[in-house]
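Everything below belongs to run.cif, which stores mmCIF, C-alpha atoms.
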```
data_entry
loop_
_atom_site.label_atom_id
_atom_site.label_comp_id
_atom_site.auth_asym_id
_atom_site.auth_seq_id
_atom_site.Cartn_x
_atom_site.Cartn_y
_atom_site.Cartn_z
CA MET C 1 21.75 85.37 18.50
CA SER C 2 19.22 83.38 16.45
CA ASP C 3 19.96 85.24 13.19
CA ILE C 4 23.62 84.11 13.18
CA HIS C 5 24.22 81.08 11.01
CA THR C 6 26.05 78.25 12.81
CA PRO C 7 26.83 74.57 11.99
CA ARG C 8 24.68 73.49 14.92
CA LEU C 9 21.62 75.10 13.34
CA GLU C 10 22.39 73.25 10.09
CA GLU C 11 22.41 69.98 12.03
CA LEU C 12 18.85 70.67 13.23
CA LEU C 13 17.45 71.03 9.69
CA PRO C 14 16.96 67.28 8.85
CA ALA C 15 14.98 66.70 12.05
CA TYR C 16 13.00 69.88 11.38
CA ALA C 17 12.15 68.70 7.85
CA LEU C 18 10.92 65.39 9.29
CA GLY C 19 8.81 67.20 11.88
CA ALA C 20 10.81 65.65 14.71
CA LEU C 21 12.21 68.82 16.27
CA GLU C 22 10.65 70.01 19.55
CA GLY C 23 11.08 72.36 22.45
CA GLU C 24 13.76 75.02 22.62
CA GLU C 25 15.57 73.74 19.54
CA LEU C 26 12.38 74.06 17.47
CA ARG C 27 11.83 77.62 18.71
CA GLU C 28 15.43 78.60 18.11
CA LEU C 29 15.53 77.22 14.55
CA GLU C 30 12.19 78.77 13.56
CA GLU C 31 13.36 82.16 14.88
CA HIS C 32 16.57 81.77 12.88
CA LEU C 33 14.65 80.90 9.70
CA ALA C 34 12.25 83.78 10.29
CA GLY C 35 15.30 86.03 10.48
CA GLY C 36 15.87 85.36 6.77
CA CYS C 37 18.94 83.02 6.74
CA ALA C 38 19.18 82.20 3.04
CA GLU C 39 21.68 79.39 3.57
CA CYS C 40 19.52 77.49 6.08
CA GLN C 41 16.39 78.09 4.01
CA GLY C 42 18.14 76.66 0.95
CA LEU C 43 19.25 73.60 2.88
CA LEU C 44 15.75 73.14 4.28
CA ASP C 45 14.32 73.28 0.76
CA LEU C 46 16.75 70.56 -0.29
CA TRP C 47 15.79 68.35 2.62
CA SER C 48 12.09 68.86 1.98
CA GLY C 49 12.53 68.15 -1.73
CA ASP C 50 14.44 64.94 -1.03
CA LEU C 51 11.70 63.69 1.28
CA GLU C 52 9.01 64.54 -1.24
CA ALA C 53 10.96 62.64 -3.92
CA ILE C 54 11.30 59.62 -1.65
CA ALA C 55 7.61 59.67 -0.83
CA ALA C 56 6.73 59.91 -4.53
CA SER C 57 9.16 57.18 -5.67
CA VAL C 58 8.18 54.45 -3.22
CA THR C 59 5.46 52.06 -4.34
CA PRO C 60 2.36 52.59 -2.17
CA ILE C 61 2.06 50.03 0.58
CA GLU C 62 -1.17 49.27 2.38
CA PRO C 63 -0.52 50.46 5.95
CA SER C 64 -1.46 48.41 8.94
CA GLU C 65 -4.43 49.46 11.04
CA THR C 66 -2.08 50.73 13.77
CA THR C 67 -0.13 52.93 11.32
CA ARG C 68 -3.34 54.19 9.70
CA ALA C 69 -4.73 55.21 13.09
CA ARG C 70 -1.51 57.03 14.04
CA VAL C 71 -1.42 58.98 10.77
CA LEU C 72 -5.09 59.98 11.11
CA ARG C 73 -4.48 61.17 14.66
CA LEU C 74 -1.53 63.27 13.49
CA ALA C 75 -3.56 64.76 10.66
CA SER C 76 -6.58 65.63 12.82
CA SER C 77 -4.83 66.82 15.99
CA PRO C 78 -5.12 70.61 16.69
CA ALA C 79 -2.08 72.72 15.90
CA PRO C 80 -0.04 73.94 18.90
CA ALA C 81 -0.23 77.58 19.98
CA ALA C 82 1.86 79.94 17.85
CA SER C 83 5.18 80.99 19.31
CA ALA C 84 6.20 84.56 19.69
CA ALA C 85 8.28 84.38 16.52
CA PRO C 86 6.42 84.17 13.21
CA ALA C 87 6.23 80.65 11.76
CA VAL C 88 8.21 79.96 8.63
CA PRO C 89 6.10 78.88 5.65
CA ARG C 90 6.56 75.17 4.90
CA ARG C 91 5.69 75.50 1.19
CA GLY C 92 2.54 73.38 1.51
CA PHE C 93 4.53 70.42 2.94
CA PRO C 94 2.40 68.68 5.62
CA ARG C 95 4.22 67.93 8.84
CA TRP C 96 3.06 64.31 8.83
CA LEU C 97 4.21 63.58 5.28
CA PRO C 98 7.95 63.45 6.15
CA ALA C 99 7.18 60.96 8.89
CA VAL C 100 5.26 58.78 6.43
CA ALA C 101 8.08 59.13 3.90
CA ALA C 102 10.59 58.12 6.55
CA LEU C 103 8.51 55.07 7.40
CA LEU C 104 8.34 54.14 3.73
CA LEU C 105 12.08 54.64 3.37
CA LEU C 106 12.70 52.39 6.35
CA ALA C 107 10.41 49.80 4.80
CA VAL C 108 12.33 49.94 1.53
CA TRP C 109 15.63 49.59 3.41
CA GLY C 110 14.16 46.68 5.35
CA ILE C 111 13.06 44.89 2.19
CA ALA C 112 16.43 45.48 0.55
CA GLY C 113 18.16 44.19 3.67
CA GLN C 114 15.99 41.07 3.66
CA MET C 115 16.81 40.47 0.00
CA ARG C 116 20.52 40.82 0.72
CA LEU C 117 20.24 38.47 3.67
CA ARG C 118 18.25 35.98 1.60
CA ALA C 119 20.91 36.07 -1.13
CA GLU C 120 23.62 35.59 1.48
CA VAL C 121 21.73 32.65 3.00
CA GLU C 122 21.37 31.09 -0.45
CA ARG C 123 25.07 31.61 -1.13
CA LEU C 124 26.09 30.09 2.18
CA THR C 125 23.67 27.20 1.67
CA GLY C 126 25.19 26.51 -1.73
CA GLU C 127 28.67 26.68 -0.24
CA ARG C 128 27.64 24.30 2.54
CA ASP C 129 26.17 21.83 0.01
CA ARG C 130 29.32 22.08 -2.12
CA LEU C 131 31.54 21.38 0.89
CA ALA C 132 29.27 18.53 1.98
CA LEU C 133 29.60 17.00 -1.49
CA GLN C 134 33.38 17.35 -1.32
CA VAL C 135 33.44 15.73 2.12
CA SER C 136 31.24 12.89 0.85
CA THR C 137 33.45 12.40 -2.20
CA LEU C 138 36.60 12.44 -0.07
CA GLY C 139 34.98 9.97 2.31
CA ARG C 140 34.27 7.57 -0.55
CA GLU C 141 37.80 7.99 -1.85
CA VAL C 142 39.22 7.28 1.61
CA SER C 143 37.04 4.17 1.89
CA LEU C 144 38.18 2.97 -1.53
CA ALA C 145 41.80 3.64 -0.65
CA ARG C 146 41.43 1.70 2.59
CA SER C 147 39.79 -1.19 0.74
CA GLU C 148 42.55 -1.21 -1.85
CA ALA C 149 45.18 -1.12 0.89
CA GLU C 150 43.47 -4.00 2.69
CA ARG C 151 43.28 -6.06 -0.50
CA ALA C 152 46.92 -5.29 -1.26
CA THR C 153 47.90 -6.43 2.25
CA GLN C 154 45.92 -9.63 1.89
CA ALA C 155 47.44 -10.29 -1.53
CA LEU C 156 50.94 -9.72 -0.16
CA GLN C 157 50.26 -12.16 2.68
CA VAL C 158 49.31 -14.82 0.16
CA LEU C 159 52.01 -14.13 -2.42
CA ALA C 160 54.84 -13.77 0.09
CA ALA C 161 53.87 -16.75 2.24
CA PRO C 162 56.44 -19.55 2.49
CA GLY C 163 55.52 -22.55 0.35
CA VAL C 164 52.89 -20.70 -1.72
CA GLN C 165 51.66 -22.79 -4.64
CA SER C 166 51.08 -21.25 -8.07
CA VAL C 167 48.70 -22.66 -10.69
CA VAL C 168 48.45 -21.34 -14.25
CA LEU C 169 45.06 -21.44 -15.99
CA ALA C 170 44.80 -21.35 -19.79
CA GLY C 171 42.04 -19.93 -21.95
CA LEU C 172 39.49 -22.30 -23.50
CA GLY C 173 36.65 -22.17 -26.02
CA SER C 174 35.78 -18.59 -26.99
CA THR C 175 38.63 -17.10 -24.88
CA PRO C 176 41.80 -18.81 -26.13
CA ASN C 177 43.98 -15.79 -25.34
CA ALA C 178 42.81 -15.47 -21.74
CA ALA C 179 44.95 -16.57 -18.81
CA GLY C 180 44.70 -16.99 -15.07
CA HIS C 181 46.93 -17.47 -12.03
CA ALA C 182 45.91 -18.99 -8.72
CA TYR C 183 48.20 -18.58 -5.69
CA LEU C 184 47.43 -20.96 -2.82
CA ASN C 185 48.82 -20.53 0.69
CA PRO C 186 48.74 -24.03 2.21
CA ARG C 187 49.52 -22.78 5.71
CA ARG C 188 46.65 -20.24 5.87
CA ARG C 189 44.46 -22.31 3.52
CA ASP C 190 43.50 -19.27 1.46
CA ALA C 191 44.14 -18.34 -2.16
CA LEU C 192 44.34 -15.38 -4.51
CA PHE C 193 43.25 -15.62 -8.14
CA TYR C 194 43.90 -13.23 -11.05
CA ALA C 195 42.38 -13.41 -14.55
CA PHE C 196 43.64 -11.62 -17.67
CA ASP C 197 42.21 -10.83 -21.12
CA LEU C 198 38.69 -12.00 -20.36
CA PRO C 199 35.84 -10.24 -22.21
CA SER C 200 33.24 -8.18 -20.32
CA LEU C 201 29.95 -9.96 -19.63
CA PRO C 202 26.32 -8.81 -19.82
CA PRO C 203 24.87 -7.48 -16.53
CA ASP C 204 23.03 -10.74 -15.88
CA LYS C 205 26.22 -12.84 -16.09
CA THR C 206 29.34 -13.25 -13.96
CA TYR C 207 32.59 -15.19 -13.88
CA GLU C 208 32.77 -17.88 -11.20
CA LEU C 209 35.94 -19.51 -9.90
CA TRP C 210 36.04 -23.21 -8.92
CA PHE C 211 38.59 -25.54 -7.42
CA PHE C 212 38.22 -29.31 -7.73
CA SER C 213 38.79 -31.48 -4.68
CA GLY C 214 38.08 -35.23 -4.67
CA GLY C 215 36.78 -34.88 -8.20
CA LYS C 216 34.05 -32.44 -7.15
CA PRO C 217 33.83 -28.71 -8.01
CA VAL C 218 33.74 -26.30 -5.07
CA PRO C 219 32.58 -22.69 -5.67
CA ALA C 220 35.37 -20.23 -4.78
CA GLY C 221 33.79 -16.86 -5.57
CA THR C 222 32.54 -14.67 -8.40
CA PHE C 223 34.25 -11.72 -10.06
CA ALA C 224 33.95 -9.21 -12.88
CA VAL C 225 36.65 -7.78 -15.14
CA ASP C 226 37.59 -4.20 -15.92
CA GLU C 227 37.96 -2.57 -19.32
CA HIS C 228 41.33 -4.32 -19.72
CA GLY C 229 39.85 -7.77 -19.08
CA VAL C 230 41.48 -8.06 -15.65
CA GLY C 231 39.66 -9.46 -12.62
CA SER C 232 40.50 -10.99 -9.27
CA VAL C 233 38.94 -12.80 -6.35
CA ARG C 234 40.24 -13.85 -2.95
CA VAL C 235 39.37 -17.33 -1.71
CA GLU C 236 39.17 -17.13 2.06
CA ARG C 237 38.95 -20.85 2.72
CA VAL C 238 40.26 -23.80 0.72
CA ASP C 239 39.33 -27.19 2.16
CA ARG C 240 42.31 -29.55 2.30
CA PRO C 241 44.60 -27.52 0.01
CA GLU C 242 46.78 -30.55 -0.61
CA SER C 243 43.83 -32.30 -2.25
CA VAL C 244 43.09 -29.53 -4.77
CA GLU C 245 43.34 -31.13 -8.18
CA ALA C 246 42.49 -28.26 -10.56
CA TRP C 247 41.07 -24.76 -10.94
CA ALA C 248 38.55 -23.47 -13.45
CA VAL C 249 36.48 -20.40 -14.36
CA THR C 250 33.01 -20.60 -15.90
CA VAL C 251 30.39 -18.09 -17.07
CA GLU C 252 27.37 -18.26 -14.77
CA PRO C 253 24.18 -16.31 -13.95
CA ARG C 254 24.72 -13.20 -11.85
CA GLY C 255 25.31 -14.06 -8.21
CA GLY C 256 26.85 -17.45 -8.97
CA VAL C 257 25.58 -21.01 -8.69
CA PRO C 258 26.43 -23.98 -6.42
CA LEU C 259 27.51 -26.16 -9.35
CA PRO C 260 29.01 -25.13 -12.69
CA THR C 261 26.53 -24.84 -15.56
CA GLY C 262 28.08 -22.45 -18.06
CA GLU C 263 30.97 -22.33 -20.50
CA VAL C 264 34.44 -23.06 -19.12
CA VAL C 265 36.73 -20.17 -20.12
CA LEU C 266 39.81 -20.93 -17.97
CA LYS C 267 41.23 -24.17 -16.57
CA GLY C 268 44.50 -25.33 -15.02
CA ALA C 269 45.98 -27.91 -12.67
#
```
Represent the supplied structure as structure tokens.
Amino acid sequence: MSDIHTPRLEELLPAYALGALEGEELRELEEHLAGGCAECQGLLDLWSGDLEAIAASVTPIEPSETTRARVLRLASSPAPAASAAPAVPRRGFPRWLPAVAALLLLAVWGIAGQMRLRAEVERLTGERDRLALQVSTLGREVSLARSEAERATQALQVLAAPGVQSVVLAGLGSTPNAAGHAYLNPRRRDALFYAFDLPSLPPDKTYELWFFSGGKPVPAGTFAVDEHGVGSVRVERVDRPESVEAWAVTVEPRGGVPLPTGEVVLKGA
């Protein structure tokens, strides 16, 4: 019977409050409410109050023309014929207002969802950029490590070669405490040079290594020194190693010059 309270009738109340209940279920619930079920009426009042609060709390949004037309049609459409059971008063709550409130609630949820998604996208973008920076940094470190390993291998080939010749260079002029060592591999005709205790130079200056053959200076490469005054350069080709008479280091313009022009800071034979 319709005047007996059941859980199924309670489940119909939210749809009834939104004006979405139709057919036999609508008739059955209205008959039950007309029968004076205090529990269902109390629950219906709660649902209606919640929807009114939602409708009042949401900032008004200009509806689209399609939504405006639908609402106006709902508001102006004639009421359906009364059922045999007396209608339950709706406490002045228009049937179309819950639908509008539901639309507004969905809009608020949609906006909140977009904000959450935007925040998540920003977080993931930041994480991607952070990982990309780490990958780039690791890539540079790997490249540096490979370069260092290659230089170490080349140095070992020179230093460990049979018959390698060693020349000591002494500091001159303004760098009396500086020193240098040139290691020449006669078989491969290459050399490795190390400098120690040389002062740092201005950005527009560089150290340039020379070897003297037949009384003429031959440029052998430029180098800079670190904070400890240590620098090195590899000479890939030494013409007629047996004819090398001396080695020297001068201070030259950045990039080096074909003939020495600056102060001689290291020299040895």
Task: Long-range neighbours of Phe211 (chain C) as a PyMOL selection string, 7 Å cut-off, all atoms listed in the file, 4 positions minimum in chain - done: chain C and resi 217-220+244+246-248
Open item on the list: Here is a test: counting all atoms listed in the file, which residue of C:Pro162, C:Pro186, C:Gly180, C:Pro7 is nearest to Cys40 (chain C)?
Closed with: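 Checking each candidate against Cys40 (chain C), we get C:Pro7 as the closest.
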Task: Shortest interatomic distance to Leu26 (chain C) - which of C:Leu9, C:Leu138, C:Val230, C:Leu266, counting only C-alpha atoms - done: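 Under the stated criterion, the closest residue is C:Leu9.
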Task: Residue nearest Arg189 (chain C) - candidates C:Pro202, C:Gly163, C:Gly262, C:Gly255, atoms counted: all atoms listed in the file - done: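 Nearest to Arg189 (chain C): C:Gly163.
Nearest to Ser174 (chain C) of all the residues C:Thr6, C:Gln134, C:Thr250, C:Thr222 is C:Thr250, based on all atoms listed in the file.
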Open item on the list: Just the number, please: distance in Å from CA of Arg188 (chain C) to CA of Arg234 (chain C), one decimal.
Closed with: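 Pair CA of Arg188 (chain C) / CA of Arg234 (chain C) returns 12.6 Å.
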Task: Computed interatomic separation between CA of Leu144 (chain C) and CA of Arg237 (chain C) (Å) - done: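 Distance between the two atoms: 24.2 Å.
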Task: Expansion of the PyMOL selection byres ((chain C and resi 165-170) around 8) into residues, as a PyMOL selection string - done: chain C and resi 163-164+171-172+176-186+247-248+266-269
- [ ] I would like the residues chosen by the PyMOL selection byres ((chain C and resi 224) around 12) on the shown file; could you give them as number ranges by chain?
- [x] C: 194-209, 221-223, 225-233, 249-252, 254-256
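Residues matched by the PyMOL selection byres ((chain C and resi 39) around 12) in this file are Asp3, Ile4, His5, Thr6, Pro7, Leu9, Glu10, Leu13, His32, Leu33, Gly35, Gly36, Cys37, Ala38, Cys40, Gln41, Gly42, Leu43, Leu44, Asp45 and Leu46 of chain C.
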Task: Å distance separating CA of Pro14 (chain C) from CA of Trp47 (chain C), one decimal place - done: 6.4 Å
Using the file's own x, y and z axes, so that the box edges lie along x, y and z, what centre and edge lengths in Å (one decimal) does a box around every listed atom of region 183-191 of chain C get when 8 Å is added on each side? Give it as AutoDock Vina command-line options.
```
--center_x 46.5 --center_y -21.2 --center_z 0.1 --size_x 22.0 --size_y 21.7 --size_z 27.6
```
